[in-house]
$ cat work22.txt   # compact mmCIF, C-alpha atoms
# COMPACT_ATOMS: atom_id res chain seq x y z
CA MET A 1 -48.45 67.58 -35.07
CA ILE A 2 -49.23 63.88 -35.08
CA ALA A 3 -49.89 64.02 -38.80
CA ALA A 4 -46.50 65.66 -39.40
CA ALA A 5 -44.74 62.96 -37.38
CA ILE A 6 -46.44 60.22 -39.41
CA LEU A 7 -45.45 61.86 -42.67
CA LEU A 8 -41.82 62.29 -41.60
CA SER A 9 -41.51 58.72 -40.34
CA GLY A 10 -42.95 57.42 -43.60
CA CYS A 11 -40.18 59.11 -45.57
CA ALA A 12 -37.54 57.31 -43.57
CA LEU A 13 -38.98 53.87 -44.42
CA PHE A 14 -38.37 54.08 -48.16
CA PRO A 15 -34.87 54.01 -49.61
CA SER A 16 -33.77 56.97 -51.65
CA ALA A 17 -33.47 56.64 -55.39
CA PRO A 18 -30.02 56.08 -56.91
CA PRO A 19 -28.31 59.25 -58.08
CA ALA A 20 -29.10 60.38 -61.60
CA GLY A 21 -26.74 59.18 -64.29
CA ASN A 22 -25.75 55.99 -62.47
CA THR A 23 -27.04 53.36 -64.86
CA THR A 24 -24.43 50.62 -64.37
CA ALA A 25 -25.41 47.47 -62.58
CA PRO A 26 -23.43 46.47 -59.49
CA GLU A 27 -20.55 44.08 -60.14
CA GLN A 28 -21.31 40.44 -59.60
CA ASN A 29 -18.92 37.84 -58.29
CA THR A 30 -18.16 35.58 -61.24
CA THR A 31 -15.55 33.45 -59.45
CA GLN A 32 -16.35 29.77 -59.64
CA PRO A 33 -15.51 27.47 -56.72
CA VAL A 34 -12.24 25.55 -57.20
CA GLN A 35 -12.79 21.84 -57.60
CA ASN A 36 -10.61 19.12 -55.98
CA GLN A 37 -8.97 21.46 -53.48
CA THR A 38 -8.03 19.80 -50.18
CA PRO A 39 -8.80 21.74 -47.02
CA PRO A 40 -5.81 22.91 -44.94
CA GLU A 41 -4.54 20.67 -42.17
CA PRO A 42 -6.00 21.64 -38.79
CA VAL A 43 -3.54 23.24 -36.38
CA LEU A 44 -3.35 21.31 -33.14
CA VAL A 45 -3.12 23.62 -30.14
CA GLY A 46 -0.14 22.73 -27.98
CA ASN A 47 1.62 20.92 -30.83
CA ASP A 48 4.38 23.52 -31.04
CA SER A 49 7.27 22.32 -28.88
CA ASP A 50 10.62 24.00 -29.49
CA GLU A 51 14.00 22.24 -29.32
CA HIS A 52 13.81 22.21 -25.51
CA GLY A 53 10.23 20.91 -25.37
CA CYS A 54 8.74 24.30 -24.41
CA LYS A 55 5.18 24.96 -25.66
CA GLY A 56 5.15 28.47 -27.13
CA SER A 57 1.36 28.45 -27.61
CA ALA A 58 1.01 28.01 -23.85
CA GLY A 59 3.46 30.88 -23.20
CA TYR A 60 6.47 28.78 -22.26
CA VAL A 61 10.02 29.81 -23.21
CA TRP A 62 13.38 28.23 -22.41
CA CYS A 63 15.43 29.77 -19.59
CA ASN A 64 19.18 29.01 -19.86
CA VAL A 65 19.81 30.06 -16.25
CA THR A 66 17.37 27.63 -14.63
CA GLU A 67 17.49 25.15 -17.54
CA LYS A 68 13.73 24.71 -17.71
CA CYS A 69 10.65 25.99 -19.54
CA ILE A 70 9.08 28.98 -17.80
CA ARG A 71 6.29 31.48 -18.34
CA PRO A 72 8.05 34.87 -17.97
CA TRP A 73 5.04 36.48 -16.28
CA GLU A 74 4.99 33.72 -13.63
CA GLU A 75 8.70 33.17 -13.01
CA ASN A 76 11.87 35.19 -13.60
CA CYS A 77 14.70 33.74 -15.62
CA THR A 78 17.32 34.45 -12.98
CA ALA A 79 19.49 32.30 -10.82
CA PRO A 80 18.10 31.74 -7.34
CA VAL A 81 19.84 33.75 -4.65
CA ASP A 82 22.05 31.54 -2.52
CA PRO A 83 22.59 33.18 0.89
CA LEU A 84 25.81 31.24 1.47
CA PHE A 85 27.22 32.44 -1.88
CA GLU A 86 26.19 36.02 -1.06
CA GLN A 87 27.96 35.74 2.31
CA ALA A 88 31.06 34.26 0.66
CA LYS A 89 31.26 37.15 -1.83
CA THR A 90 31.61 39.60 1.05
CA TYR A 91 35.05 38.12 1.83
CA CYS A 92 36.38 38.59 -1.72
CA SER A 93 39.39 40.86 -2.18
CA LYS A 94 42.84 40.85 -3.80
CA GLU A 95 44.35 39.33 -0.65
CA TYR A 96 41.94 36.41 -0.28
CA LYS A 97 40.62 33.44 -2.17
CA VAL A 98 37.15 32.28 -1.17
CA TYR A 99 35.62 28.82 -1.59
CA ILE A 100 32.33 27.15 -0.70
CA CYS A 101 32.24 23.52 0.39
CA GLY A 102 28.88 22.20 1.54
CA GLU A 103 27.56 24.67 4.13
CA ASN A 104 31.01 26.13 4.85
CA VAL A 105 32.89 29.13 3.47
CA ARG A 106 36.67 28.87 3.42
CA VAL A 107 38.79 32.00 3.12
CA THR A 108 42.50 31.68 2.45
CA GLY A 109 45.30 34.09 1.71
CA SER A 110 46.19 34.59 -1.93
CA VAL A 111 49.48 32.77 -1.25
CA ALA A 112 49.13 28.99 -1.19
CA GLY A 113 49.77 27.22 2.11
CA GLY A 114 48.50 30.04 4.34
CA VAL A 115 45.99 30.09 7.16
CA SER A 116 42.40 29.15 6.32
CA THR A 117 39.45 30.70 8.08
CA ILE A 118 36.38 28.53 7.81
CA TYR A 119 32.96 30.00 8.51
CA SER A 120 30.59 27.28 9.61
CA GLY A 121 27.19 27.91 11.17
CA GLY A 122 28.05 31.54 11.90
CA ILE A 123 31.30 30.66 13.71
CA ALA A 124 34.78 31.39 12.34
CA PHE A 125 37.41 28.66 12.79
CA VAL A 126 41.03 29.60 12.10
CA CYS A 127 42.93 26.58 10.82
CA PRO A 128 46.69 26.89 10.36
CA PRO A 129 48.40 25.02 7.54
CA GLY A 130 50.05 21.75 8.30
CA GLU A 131 49.52 18.05 8.51
CA PRO A 132 46.04 16.88 9.55
CA GLU A 133 47.48 15.27 12.70
CA SER A 134 48.73 18.65 13.96
CA MET A 135 45.36 20.38 13.47
CA SER A 136 42.54 20.72 15.95
CA PRO A 137 39.79 18.11 15.58
CA LYS A 138 37.35 20.77 14.36
CA CYS A 139 39.74 22.05 11.65
CA ARG A 140 40.45 18.48 10.60
CA GLU A 141 36.70 17.83 10.36
CA LEU A 142 35.99 21.02 8.42
CA LEU A 143 38.89 20.64 6.00
CA PHE A 144 38.92 16.90 5.36
CA ALA A 145 35.80 15.11 6.57
CA SER A 146 33.16 16.81 4.41
CA ASN A 147 34.06 14.95 1.18
CA CYS A 148 32.68 17.80 -0.92
CA VAL A 149 34.26 19.51 -3.90
CA GLU A 150 35.07 23.12 -3.20
CA LYS A 151 33.61 25.75 -5.54
CA GLU A 152 35.73 28.85 -6.00
CA VAL A 153 33.79 32.07 -5.38
CA CYS A 154 36.60 34.52 -6.09
$ encode --input "work22.txt" --output "structure tokens"
Amino acid sequence: MIAAAILLSGCALFPSAPPAGNTTAPEQNTTQPVQNQTPPEPVLVGNDSDEHGCKGSAGYVWCNVTEKCIRPWEENCTAPVDPLFEQAKTYCSKEYKVYICGENVRVTGSVAGGVSTIYSGGIAFVCPPGEPESMSPKCRELLFASNCVEKEVC
């Protein structure tokens, strides 16, 4: 049995002969190297800023909402949730106009010159229309002393 194993392993060491009738020689590469060819410019990693300065090779893309370069798998391209804005939206209807000024939400009737309800720190202050002198000190403070520009919510 040992002799048979030696004979069989010896056959596997020698390559088989080419098939009969195949007398052509293998093709040789006759291409000559091109002379005076300049090598391509190396690509610098990180040298691919777009019009916003975002590096695409590093995975950054421009987000119009946040106006900055982000990696989408690290940060969503959505506006941050503003709890005051979310609260203000709950007052929106056909009858009311809603504004945010600083940390306050002002709700007015859809008709100009009506009563304003101002939500400040979780407390609702009802401020009737009129001259500042005829208002309560708190309404005067909330309506006139903040020096902020109101943003219309709805």
$ atom_distance --input "work22.txt" --atom1 "CA of His52 in chain A" --atom2 "CA of Val65 in chain A"
13.5 Å
$ residues_around --input "work22.txt" --residues "range 112-125 of chain A" --least-positions-apart "4" --cutoff "9 Å" --atoms "only C-alpha atoms" --output "ChimeraX atom specification"
/A:103-108,129-130,138-139,142-143
$ atom_distance --input "work22.txt" --atom1 "CA of Gly56 in chain A" --atom2 "CA of Pro72 in chain A"
11.5 Å
$ residues_around --input "work22.txt" --residues "Tyr60 in chain A" --least-positions-apart "4" --cutoff "7 Å" --atoms "all atoms listed in the file" --output "NGL selection string"
:A and (54-56 or 69-71)
$ write_last_selection --input "work22.txt" --atoms "C-alpha atoms" --output "PDB file, in the coordinates of the input"
ATOM      1  CA  CYS A  54       8.740  24.300 -24.410  1.00  0.00           C
ATOM      2  CA  LYS A  55       5.180  24.960 -25.660  1.00  0.00           C
ATOM      3  CA  GLY A  56       5.150  28.470 -27.130  1.00  0.00           C
ATOM      4  CA  CYS A  69      10.650  25.990 -19.540  1.00  0.00           C
ATOM      5  CA  ILE A  70       9.080  28.980 -17.800  1.00  0.00           C
ATOM      6  CA  ARG A  71       6.290  31.480 -18.340  1.00  0.00           C
TER       7      ARG A  71
END
$ atom_distance --input "work22.txt" --atom1 "CA of Ala88 in chain A" --atom2 "CA of Glu133 in chain A"
27.8 Å
$ residues_around --input "work22.txt" --residues "Cys154 in chain A" --least-positions-apart "2" --cutoff "12 Å" --atoms "all atoms listed in the file" --output "list of chain:residue names"
A:Phe85, A:Glu86, A:Ala88, A:Lys89, A:Thr90, A:Tyr91, A:Cys92, A:Ser93, A:Lys94, A:Glu95, A:Tyr96, A:Lys97, A:Val98, A:Tyr99, A:Ile100, A:Val105, A:Arg106, A:Val107, A:Thr108, A:Gly109, A:Ser110, A:Glu150, A:Lys151, A:Glu152
